[in-house]
Amino acid sequence: MPPRLVLAQVRNFLQLGHRTRRMSSKPSVYVTRPDVDDSGLELLRKSCQVSTWHETFPVPRSELIREVAGKDALYCALTDKVDKEVLDAAGPQLKCVATISVGYDHIDVEECRKRGIRVGFTPDVLTDATAELTLALLLATNRRLFEANRQVYNGGWKSWAPMWMCGQGLKGSRVGLLGFGRIGQEIAARIVPFKPAEITYTTRTARPEEAAAVNARHVDFDEMIRNSDFIVVCCALTPQTKEIFNASAFQKMKSNCIFINTARGGVVDQKALHDALTTKQIQAAGLDVTTPEPLPLDDPLLKLDNVVILPHIGSADIETRKEMSRITARNIIAGLADKKMEAEVSL
Ligand code: DGY
């Protein structure tokens with residue numbers, strides 16, 4: 001076990017009694033990931049009594065429920081479902097929950113609102129990293145990089161061949177985005193230099209100023225999915241977007257369509273996606289997010305050559321993740337002090 005995890009365990013052990021008898025006047029925080037960058041934890045330790053889960057896999061739910069009891073704040077990640085049961089287990093003193101992610105679909109924000117619990121998140125800081133990864137995934141999918149790379153190792157590379165391992169370029173293509181927030185806009189800006197024929201985007205409300213910067217056109221969902229050669233999903237997972245990409249949506253897409261999702265696995269009916277890929281209703285898919293995560297090794301999607309799957313690494317850029325750790329800590333410190341958080345979900 002790495003020394004810092006041993007230390008975390010020792011620290012937790014020393015804090016064992018604190019649920020029942022407060023030994024310190026400092027507010028208490030439970031951190032579900034000991035492997036967030038230390039700089040965030042250091043910030044927290046200056047003003048809070050911090051206990052952490054001690055393994056690098058997500059805290060088991062029973063442990064979370066036990067450990068959150070009596071805490072003033074919860075520092076969590078997208079791997080933790082923070083619902084009514086967890087909030088009940090925490091108790092009425094819980095003041096804030098902060099997640100080290102921009103997405104907060106794993107937190108029952110309505111339940112937090114009812115209880116006056118403030119919720120922090122980490123938008124903005126990860127926008128560039130996520131947009132960059134989205135482009136990398138798009139290019140790996142349309143130019144078949146992983147499939148081609150496998151040929152090098154499995155003997156499939158016999159010689160250069162005129163039409164072998166050809167893909168579909170972005171130049172002259174129609175790119176449709178579902179979602180046009182910070183990340184969507186940065187994805188669009190990175191696509192522009194590849195000279196697409198058109199970028200369209202689908203959102204509830206048009207964003208003409210932001211769209212003008214990348215010459216994008218606002219269209220409804222139906223038009224976007226019917227006309228796009230590339231569909232890029234960069235929206236939040238909400239009741240409205242849950243499984244919005246279902247069998248009927250895939251049936252409307254062009255047969256050369258390349259589907260990219262770096263948002264949340266939940267926006268896709270994965271069985272319908274698998275059917276669309278195997279029946280060639282669409283050309284290929286690049287997924288940084290799936291349901292569930294991790295995807296089981298026997299998942300049928302893993303058997304397809306026309307799918308590139310990454311393990312949810314959209315924001316996994318070193319400096320980005322370090323800053324996410326610090327923002328989450330600063331959100332908690334502000335929340336505990338009844339001050340404005342750096343990034344707070346409006347409830
Ligand atoms: C997020 O922040 O929501 C991303 O999915 C992971 O960093």
# chains A, B, ... in the order shown; residues from 1 in each chain; ligands from 1
call {"tool": "closest_atom_pairs", "arguments": {"of": "chain A", "to": "ligand 1", "cutoff": "12 Å", "atoms": "only C-alpha atoms and all ligand atoms", "output": "JSON lines"}}
result
{"residue": "A:Val36", "atom": "CA", "partner": "ligand 1", "partner_atom_place_in_ligand_line": "7 (O)", "distance": 12.0}
{"residue": "A:Cys76", "atom": "CA", "partner": "ligand 1", "partner_atom_place_in_ligand_line": "2 (O)", "distance": 11.5}
{"residue": "A:Ala77", "atom": "CA", "partner": "ligand 1", "partner_atom_place_in_ligand_line": "2 (O)", "distance": 8.6}
{"residue": "A:Leu78", "atom": "CA", "partner": "ligand 1", "partner_atom_place_in_ligand_line": "3 (O)", "distance": 6.8}
{"residue": "A:Thr79", "atom": "CA", "partner": "ligand 1", "partner_atom_place_in_ligand_line": "6 (C)", "distance": 9.9}
{"residue": "A:Ala98", "atom": "CA", "partner": "ligand 1", "partner_atom_place_in_ligand_line": "2 (O)", "distance": 11.8}
{"residue": "A:Thr99", "atom": "CA", "partner": "ligand 1", "partner_atom_place_in_ligand_line": "2 (O)", "distance": 8.5}
{"residue": "A:Ile100", "atom": "CA", "partner": "ligand 1", "partner_atom_place_in_ligand_line": "2 (O)", "distance": 6.6}
{"residue": "A:Ser101", "atom": "CA", "partner": "ligand 1", "partner_atom_place_in_ligand_line": "2 (O)", "distance": 3.1}
{"residue": "A:Val102", "atom": "CA", "partner": "ligand 1", "partner_atom_place_in_ligand_line": "2 (O)", "distance": 3.9}
{"residue": "A:Gly103", "atom": "CA", "partner": "ligand 1", "partner_atom_place_in_ligand_line": "3 (O)", "distance": 3.6}
{"residue": "A:Tyr104", "atom": "CA", "partner": "ligand 1", "partner_atom_place_in_ligand_line": "3 (O)", "distance": 6.8}
{"residue": "A:Asp105", "atom": "CA", "partner": "ligand 1", "partner_atom_place_in_ligand_line": "3 (O)", "distance": 8.6}
{"residue": "A:His106", "atom": "CA", "partner": "ligand 1", "partner_atom_place_in_ligand_line": "3 (O)", "distance": 9.6}
{"residue": "A:Ile107", "atom": "CA", "partner": "ligand 1", "partner_atom_place_in_ligand_line": "3 (O)", "distance": 11.6}
{"residue": "A:Gly120", "atom": "CA", "partner": "ligand 1", "partner_atom_place_in_ligand_line": "2 (O)", "distance": 11.9}
{"residue": "A:Phe121", "atom": "CA", "partner": "ligand 1", "partner_atom_place_in_ligand_line": "2 (O)", "distance": 8.2}
{"residue": "A:Thr122", "atom": "CA", "partner": "ligand 1", "partner_atom_place_in_ligand_line": "2 (O)", "distance": 6.8}
{"residue": "A:Pro123", "atom": "CA", "partner": "ligand 1", "partner_atom_place_in_ligand_line": "2 (O)", "distance": 7.4}
{"residue": "A:Asp124", "atom": "CA", "partner": "ligand 1", "partner_atom_place_in_ligand_line": "2 (O)", "distance": 9.8}
{"residue": "A:Val125", "atom": "CA", "partner": "ligand 1", "partner_atom_place_in_ligand_line": "2 (O)", "distance": 9.4}
{"residue": "A:Leu126", "atom": "CA", "partner": "ligand 1", "partner_atom_place_in_ligand_line": "2 (O)", "distance": 7.1}
{"residue": "A:Thr127", "atom": "CA", "partner": "ligand 1", "partner_atom_place_in_ligand_line": "2 (O)", "distance": 9.1}
{"residue": "A:Asp128", "atom": "CA", "partner": "ligand 1", "partner_atom_place_in_ligand_line": "7 (O)", "distance": 11.5}
{"residue": "A:Ala129", "atom": "CA", "partner": "ligand 1", "partner_atom_place_in_ligand_line": "7 (O)", "distance": 9.2}
{"residue": "A:Thr130", "atom": "CA", "partner": "ligand 1", "partner_atom_place_in_ligand_line": "4 (C)", "distance": 7.8}
{"residue": "A:Ala131", "atom": "CA", "partner": "ligand 1", "partner_atom_place_in_ligand_line": "4 (C)", "distance": 11.2}
{"residue": "A:Leu133", "atom": "CA", "partner": "ligand 1", "partner_atom_place_in_ligand_line": "7 (O)", "distance": 11.1}
{"residue": "A:Thr134", "atom": "CA", "partner": "ligand 1", "partner_atom_place_in_ligand_line": "5 (O)", "distance": 11.6}
{"residue": "A:Ile183", "atom": "CA", "partner": "ligand 1", "partner_atom_place_in_ligand_line": "4 (C)", "distance": 10.8}
{"residue": "A:Cys234", "atom": "CA", "partner": "ligand 1", "partner_atom_place_in_ligand_line": "5 (O)", "distance": 10.0}
{"residue": "A:Cys235", "atom": "CA", "partner": "ligand 1", "partner_atom_place_in_ligand_line": "3 (O)", "distance": 10.5}
{"residue": "A:Ala236", "atom": "CA", "partner": "ligand 1", "partner_atom_place_in_ligand_line": "3 (O)", "distance": 8.7}
{"residue": "A:Leu237", "atom": "CA", "partner": "ligand 1", "partner_atom_place_in_ligand_line": "3 (O)", "distance": 9.9}
{"residue": "A:Asn261", "atom": "CA", "partner": "ligand 1", "partner_atom_place_in_ligand_line": "5 (O)", "distance": 10.8}
{"residue": "A:Thr262", "atom": "CA", "partner": "ligand 1", "partner_atom_place_in_ligand_line": "5 (O)", "distance": 7.5}
{"residue": "A:Ala263", "atom": "CA", "partner": "ligand 1", "partner_atom_place_in_ligand_line": "5 (O)", "distance": 6.3}
{"residue": "A:Arg264", "atom": "CA", "partner": "ligand 1", "partner_atom_place_in_ligand_line": "5 (O)", "distance": 6.9}
{"residue": "A:Gly265", "atom": "CA", "partner": "ligand 1", "partner_atom_place_in_ligand_line": "5 (O)", "distance": 9.9}
{"residue": "A:Gly266", "atom": "CA", "partner": "ligand 1", "partner_atom_place_in_ligand_line": "5 (O)", "distance": 11.8}
{"residue": "A:Leu287", "atom": "CA", "partner": "ligand 1", "partner_atom_place_in_ligand_line": "5 (O)", "distance": 12.0}
{"residue": "A:Asp288", "atom": "CA", "partner": "ligand 1", "partner_atom_place_in_ligand_line": "5 (O)", "distance": 8.9}
{"residue": "A:Val289", "atom": "CA", "partner": "ligand 1", "partner_atom_place_in_ligand_line": "5 (O)", "distance": 7.9}
{"residue": "A:Thr290", "atom": "CA", "partner": "ligand 1", "partner_atom_place_in_ligand_line": "5 (O)", "distance": 11.0}
{"residue": "A:Glu293", "atom": "CA", "partner": "ligand 1", "partner_atom_place_in_ligand_line": "5 (O)", "distance": 11.6}
{"residue": "A:Pro311", "atom": "CA", "partner": "ligand 1", "partner_atom_place_in_ligand_line": "6 (C)", "distance": 10.4}
{"residue": "A:His312", "atom": "CA", "partner": "ligand 1", "partner_atom_place_in_ligand_line": "5 (O)", "distance": 6.7}
{"residue": "A:Ile313", "atom": "CA", "partner": "ligand 1", "partner_atom_place_in_ligand_line": "6 (C)", "distance": 6.8}
{"residue": "A:Gly314", "atom": "CA", "partner": "ligand 1", "partner_atom_place_in_ligand_line": "6 (C)", "distance": 5.9}
{"residue": "A:Ser315", "atom": "CA", "partner": "ligand 1", "partner_atom_place_in_ligand_line": "7 (O)", "distance": 4.5}
{"residue": "A:Ala316", "atom": "CA", "partner": "ligand 1", "partner_atom_place_in_ligand_line": "7 (O)", "distance": 6.8}
{"residue": "A:Asp317", "atom": "CA", "partner": "ligand 1", "partner_atom_place_in_ligand_line": "7 (O)", "distance": 9.6}
{"residue": "A:Ile318", "atom": "CA", "partner": "ligand 1", "partner_atom_place_in_ligand_line": "7 (O)", "distance": 11.6}
{"residue": "A:Thr320", "atom": "CA", "partner": "ligand 1", "partner_atom_place_in_ligand_line": "7 (O)", "distance": 9.2}
{"residue": "A:Arg321", "atom": "CA", "partner": "ligand 1", "partner_atom_place_in_ligand_line": "7 (O)", "distance": 7.9}
{"residue": "A:Lys322", "atom": "CA", "partner": "ligand 1", "partner_atom_place_in_ligand_line": "7 (O)", "distance": 11.5}
{"residue": "A:Glu323", "atom": "CA", "partner": "ligand 1", "partner_atom_place_in_ligand_line": "7 (O)", "distance": 11.6}
{"residue": "A:Met324", "atom": "CA", "partner": "ligand 1", "partner_atom_place_in_ligand_line": "7 (O)", "distance": 8.6}
{"residue": "A:Ser325", "atom": "CA", "partner": "ligand 1", "partner_atom_place_in_ligand_line": "7 (O)", "distance": 10.9}
{"residue": "A:Thr328", "atom": "CA", "partner": "ligand 1", "partner_atom_place_in_ligand_line": "2 (O)", "distance": 11.3}
call {"tool": "residues_around", "arguments": {"residues": "Asp338 of chain A", "least_positions_apart": "6", "cutoff": "12 Å", "atoms": "only C-alpha atoms", "output": "list in words"}}
result
Lys95, Cys96, Gly116, Ile117, Arg118, Asn331 and Ile332 of chain A
call {"tool": "atom_distance", "arguments": {"atom1": "atom CA of Gln283 of chain A", "atom2": "atom CA of Ala249 of chain A"}}
result
14.3 Å
call {"tool": "closest_residue", "arguments": {"among": "A:Ala334, A:Gln49, A:Val219, A:Ser25", "to": "Thr205 of chain A", "atoms": "only C-alpha atoms"}}
result
A:Val219
call {"tool": "select_by_dssp", "arguments": {"residues": "segment 149-337 of chain A", "states": "strand (DSSP E)", "output": "ChimeraX atom specification"}}
result
/A:174-178,198-202,216-218,230-233,258-261,284-287,307-309
call {"tool": "write_last_selection", "arguments": {"atoms": "N, CA, C and O atoms", "output": "tab-separated table (two decimals), in the first residue's frame"}}
result
chain	number	residue	atom	x	y	z
A	174	ARG	N	-20.60	17.68	-41.57
A	174	ARG	CA	-21.56	18.38	-40.70
A	174	ARG	C	-21.42	17.81	-39.30
A	174	ARG	O	-21.57	16.60	-39.10
A	175	VAL	N	-21.12	18.70	-38.38
A	175	VAL	CA	-20.91	18.28	-37.00
A	175	VAL	C	-22.05	18.82	-36.14
A	175	VAL	O	-22.35	20.01	-36.18
A	176	GLY	N	-22.69	17.95	-35.39
A	176	GLY	CA	-23.79	18.37	-34.51
A	176	GLY	C	-23.43	18.14	-33.05
A	176	GLY	O	-22.92	17.07	-32.70
A	177	LEU	N	-23.66	19.15	-32.24
A	177	LEU	CA	-23.36	19.02	-30.81
A	177	LEU	C	-24.65	18.98	-30.02
A	177	LEU	O	-25.54	19.82	-30.25
A	178	LEU	N	-24.78	18.06	-29.09
A	178	LEU	CA	-25.89	18.15	-28.13
A	178	LEU	C	-25.30	18.75	-26.87
A	178	LEU	O	-24.48	18.13	-26.18
A	198	GLU	N	-20.28	22.59	-41.68
A	198	GLU	CA	-21.19	23.29	-40.78
A	198	GLU	C	-21.13	22.68	-39.38
A	198	GLU	O	-20.98	21.46	-39.23
A	199	ILE	N	-21.26	23.55	-38.38
A	199	ILE	CA	-21.43	23.06	-37.01
A	199	ILE	C	-22.83	23.48	-36.57
A	199	ILE	O	-23.21	24.65	-36.72
A	200	THR	N	-23.60	22.52	-36.08
A	200	THR	CA	-24.91	22.87	-35.50
A	200	THR	C	-24.89	22.46	-34.04
A	200	THR	O	-24.07	21.64	-33.62
A	201	TYR	N	-25.80	23.05	-33.27
A	201	TYR	CA	-25.88	22.66	-31.87
A	201	TYR	C	-27.34	22.65	-31.43
A	201	TYR	O	-28.17	23.41	-31.95
A	202	THR	N	-27.61	21.78	-30.48
A	202	THR	CA	-28.96	21.65	-29.94
A	202	THR	C	-28.92	21.95	-28.45
A	202	THR	O	-28.18	21.31	-27.71
A	216	ALA	N	-21.73	28.60	-35.54
A	216	ALA	CA	-22.59	27.42	-35.36
A	216	ALA	C	-24.06	27.84	-35.45
A	216	ALA	O	-24.42	28.97	-35.13
A	217	ARG	N	-24.88	26.91	-35.88
A	217	ARG	CA	-26.32	27.19	-36.07
A	217	ARG	C	-27.13	26.38	-35.07
A	217	ARG	O	-26.85	25.19	-34.87
A	218	HIS	N	-28.13	27.03	-34.48
A	218	HIS	CA	-28.98	26.35	-33.51
A	218	HIS	C	-30.05	25.55	-34.26
A	218	HIS	O	-30.74	26.08	-35.12
A	230	PHE	N	-21.07	13.83	-37.82
A	230	PHE	CA	-20.48	13.60	-36.49
A	230	PHE	C	-21.47	14.14	-35.47
A	230	PHE	O	-21.94	15.27	-35.61
A	231	ILE	N	-21.77	13.35	-34.46
A	231	ILE	CA	-22.60	13.85	-33.35
A	231	ILE	C	-21.72	13.81	-32.11
A	231	ILE	O	-21.11	12.76	-31.79
A	232	VAL	N	-21.63	14.93	-31.44
A	232	VAL	CA	-20.80	15.00	-30.23
A	232	VAL	C	-21.71	15.35	-29.05
A	232	VAL	O	-22.39	16.38	-29.07
A	233	VAL	N	-21.70	14.49	-28.04
A	233	VAL	CA	-22.57	14.69	-26.88
A	233	VAL	C	-21.76	15.38	-25.78
A	233	VAL	O	-20.75	14.85	-25.31
A	258	ILE	N	-20.74	9.30	-37.09
A	258	ILE	CA	-19.80	8.92	-36.02
A	258	ILE	C	-20.28	9.59	-34.75
A	258	ILE	O	-20.44	10.82	-34.70
A	259	PHE	N	-20.52	8.78	-33.73
A	259	PHE	CA	-21.17	9.23	-32.50
A	259	PHE	C	-20.13	9.30	-31.38
A	259	PHE	O	-19.47	8.30	-31.07
A	260	ILE	N	-19.96	10.49	-30.81
A	260	ILE	CA	-18.95	10.69	-29.77
A	260	ILE	C	-19.62	11.14	-28.48
A	260	ILE	O	-20.40	12.10	-28.48
A	261	ASN	N	-19.32	10.47	-27.38
A	261	ASN	CA	-19.92	10.86	-26.09
A	261	ASN	C	-18.84	11.00	-25.02
A	261	ASN	O	-18.19	10.03	-24.63
A	284	ALA	N	-19.67	4.45	-36.50
A	284	ALA	CA	-18.73	4.16	-35.41
A	284	ALA	C	-19.10	5.00	-34.19
A	284	ALA	O	-19.87	5.96	-34.29
A	285	ALA	N	-18.52	4.63	-33.05
A	285	ALA	CA	-18.76	5.42	-31.83
A	285	ALA	C	-17.47	5.54	-31.04
A	285	ALA	O	-16.65	4.62	-31.00
A	286	GLY	N	-17.31	6.69	-30.42
A	286	GLY	CA	-16.20	6.92	-29.49
A	286	GLY	C	-16.80	7.31	-28.16
A	286	GLY	O	-17.55	8.29	-28.07
A	287	LEU	N	-16.52	6.54	-27.12
A	287	LEU	CA	-17.18	6.76	-25.83
A	287	LEU	C	-16.13	6.92	-24.73
A	287	LEU	O	-15.30	6.04	-24.53
A	307	VAL	N	-15.81	0.72	-32.41
A	307	VAL	CA	-16.03	1.48	-31.18
A	307	VAL	C	-14.69	1.73	-30.49
A	307	VAL	O	-13.87	0.82	-30.37
A	308	VAL	N	-14.50	2.96	-30.06
A	308	VAL	CA	-13.33	3.29	-29.24
A	308	VAL	C	-13.88	3.63	-27.85
A	308	VAL	O	-14.74	4.50	-27.73
A	309	ILE	N	-13.39	2.92	-26.84
A	309	ILE	CA	-13.89	3.19	-25.49
A	309	ILE	C	-12.73	3.60	-24.59
A	309	ILE	O	-11.69	2.94	-24.54
call {"tool": "atom_distance", "arguments": {"atom1": "atom CA of Asn227 of chain A", "atom2": "atom CA of Lys271 of chain A"}}
result
22.7 Å
call {"tool": "select_by_dssp", "arguments": {"residues": "segment 38-168 of chain A", "states": "helix (DSSP H, G or I)", "output": "PyMOL selection string"}}
result
chain A and resi 38-47+61-68+84-90+109-115+127-142+145-154
call {"tool": "residues_around", "arguments": {"residues": "Asn306 of chain A", "least_positions_apart": "5", "cutoff": "12 Å", "atoms": "only C-alpha atoms", "output": "count of residues only"}}
result
30
call {"tool": "atom_distance", "arguments": {"atom1": "atom CA of Leu302 of chain A", "atom2": "atom CA of Tyr153 of chain A"}}
result
18.1 Å
call {"tool": "residues_around", "arguments": {"residues": "Phe245 of chain A", "least_positions_apart": "3", "cutoff": "7 Å", "atoms": "only C-alpha atoms", "output": "mmCIF file with N, CA and C atoms, in the first residue's frame"}}
result
data_model
loop_
_atom_site.group_PDB
_atom_site.id
_atom_site.type_symbol
_atom_site.label_atom_id
_atom_site.label_comp_id
_atom_site.auth_asym_id
_atom_site.auth_seq_id
_atom_site.Cartn_x
_atom_site.Cartn_y
_atom_site.Cartn_z
ATOM 1 N N ALA A 249 -33.710 7.358 -32.082
ATOM 2 C CA ALA A 249 -32.730 8.382 -32.476
ATOM 3 C C ALA A 249 -31.671 7.781 -33.403
ATOM 4 N N PHE A 250 -31.164 6.610 -33.053
ATOM 5 C CA PHE A 250 -30.117 6.017 -33.908
ATOM 6 C C PHE A 250 -30.663 5.708 -35.308
ATOM 7 N N VAL A 267 -26.884 9.197 -21.041
ATOM 8 C CA VAL A 267 -27.638 9.836 -22.128
ATOM 9 C C VAL A 267 -27.911 8.850 -23.269
ATOM 10 N N VAL A 268 -27.284 7.678 -23.176
ATOM 11 C CA VAL A 268 -27.392 6.698 -24.270
ATOM 12 C C VAL A 268 -28.063 5.420 -23.787
ATOM 13 N N ASP A 269 -28.969 4.905 -24.601
ATOM 14 C CA ASP A 269 -29.470 3.544 -24.412
ATOM 15 C C ASP A 269 -28.405 2.655 -25.067
#
call {"tool": "residues_around", "arguments": {"residues": "Thr52 of chain A", "least_positions_apart": "6", "cutoff": "6 Å", "atoms": "only C-alpha atoms", "output": "short mmCIF file (atom, residue, chain, number, x, y, z; two decimals) with C-alpha atoms, in the first residue's frame"}}
result
data_model
loop_
_atom_site.label_atom_id
_atom_site.label_comp_id
_atom_site.auth_asym_id
_atom_site.auth_seq_id
_atom_site.Cartn_x
_atom_site.Cartn_y
_atom_site.Cartn_z
CA TYR A 30 -15.30 13.12 5.07
CA VAL A 31 -13.35 12.67 1.83
CA THR A 32 -14.37 9.70 -0.29
CA PRO A 34 -7.72 9.50 -0.62
#
call {"tool": "residues_around", "arguments": {"residues": "Pro92 of chain A", "least_positions_apart": "5", "cutoff": "10 Å", "atoms": "only C-alpha atoms", "output": "PDB file with N, CA, C and O atoms, in the first residue's frame"}}
result
ATOM      1  N   ALA A  69     -21.681   9.929   8.852  1.00  0.00           N
ATOM      2  CA  ALA A  69     -22.505  10.254  10.031  1.00  0.00           C
ATOM      3  C   ALA A  69     -21.805  11.293  10.903  1.00  0.00           C
ATOM      4  O   ALA A  69     -20.638  11.127  11.278  1.00  0.00           O
ATOM      5  N   GLY A  70     -22.497  12.359  11.178  1.00  0.00           N
ATOM      6  CA  GLY A  70     -21.974  13.387  12.078  1.00  0.00           C
ATOM      7  C   GLY A  70     -21.039  14.384  11.415  1.00  0.00           C
ATOM      8  O   GLY A  70     -20.577  15.325  12.068  1.00  0.00           O
ATOM      9  N   LYS A  71     -20.767  14.227  10.125  1.00  0.00           N
ATOM     10  CA  LYS A  71     -19.807  15.139   9.468  1.00  0.00           C
ATOM     11  C   LYS A  71     -20.485  16.457   9.090  1.00  0.00           C
ATOM     12  O   LYS A  71     -21.689  16.521   8.855  1.00  0.00           O
ATOM     13  N   ASP A  72     -19.654  17.492   9.006  1.00  0.00           N
ATOM     14  CA  ASP A  72     -20.164  18.807   8.620  1.00  0.00           C
ATOM     15  C   ASP A  72     -20.116  19.000   7.105  1.00  0.00           C
ATOM     16  O   ASP A  72     -20.831  19.835   6.565  1.00  0.00           O
ATOM     17  N   LEU A  87     -27.679  11.390   2.860  1.00  0.00           N
ATOM     18  CA  LEU A  87     -27.908  12.653   3.570  1.00  0.00           C
ATOM     19  C   LEU A  87     -28.563  12.395   4.929  1.00  0.00           C
ATOM     20  O   LEU A  87     -28.222  13.027   5.925  1.00  0.00           O
ATOM     21  N   ARG A 115     -32.915  20.526   2.359  1.00  0.00           N
ATOM     22  CA  ARG A 115     -32.264  20.503   3.672  1.00  0.00           C
ATOM     23  C   ARG A 115     -31.331  21.690   3.893  1.00  0.00           C
ATOM     24  O   ARG A 115     -30.626  21.755   4.912  1.00  0.00           O
ATOM     25  N   GLY A 116     -31.248  22.558   2.897  1.00  0.00           N
ATOM     26  CA  GLY A 116     -30.347  23.716   3.029  1.00  0.00           C
ATOM     27  C   GLY A 116     -28.878  23.323   2.941  1.00  0.00           C
ATOM     28  O   GLY A 116     -27.995  24.033   3.450  1.00  0.00           O
ATOM     29  N   ILE A 117     -28.608  22.196   2.290  1.00  0.00           N
ATOM     30  CA  ILE A 117     -27.204  21.766   2.131  1.00  0.00           C
ATOM     31  C   ILE A 117     -26.670  22.361   0.830  1.00  0.00           C
ATOM     32  O   ILE A 117     -27.281  22.203  -0.232  1.00  0.00           O
TER      33      ILE A 117
END
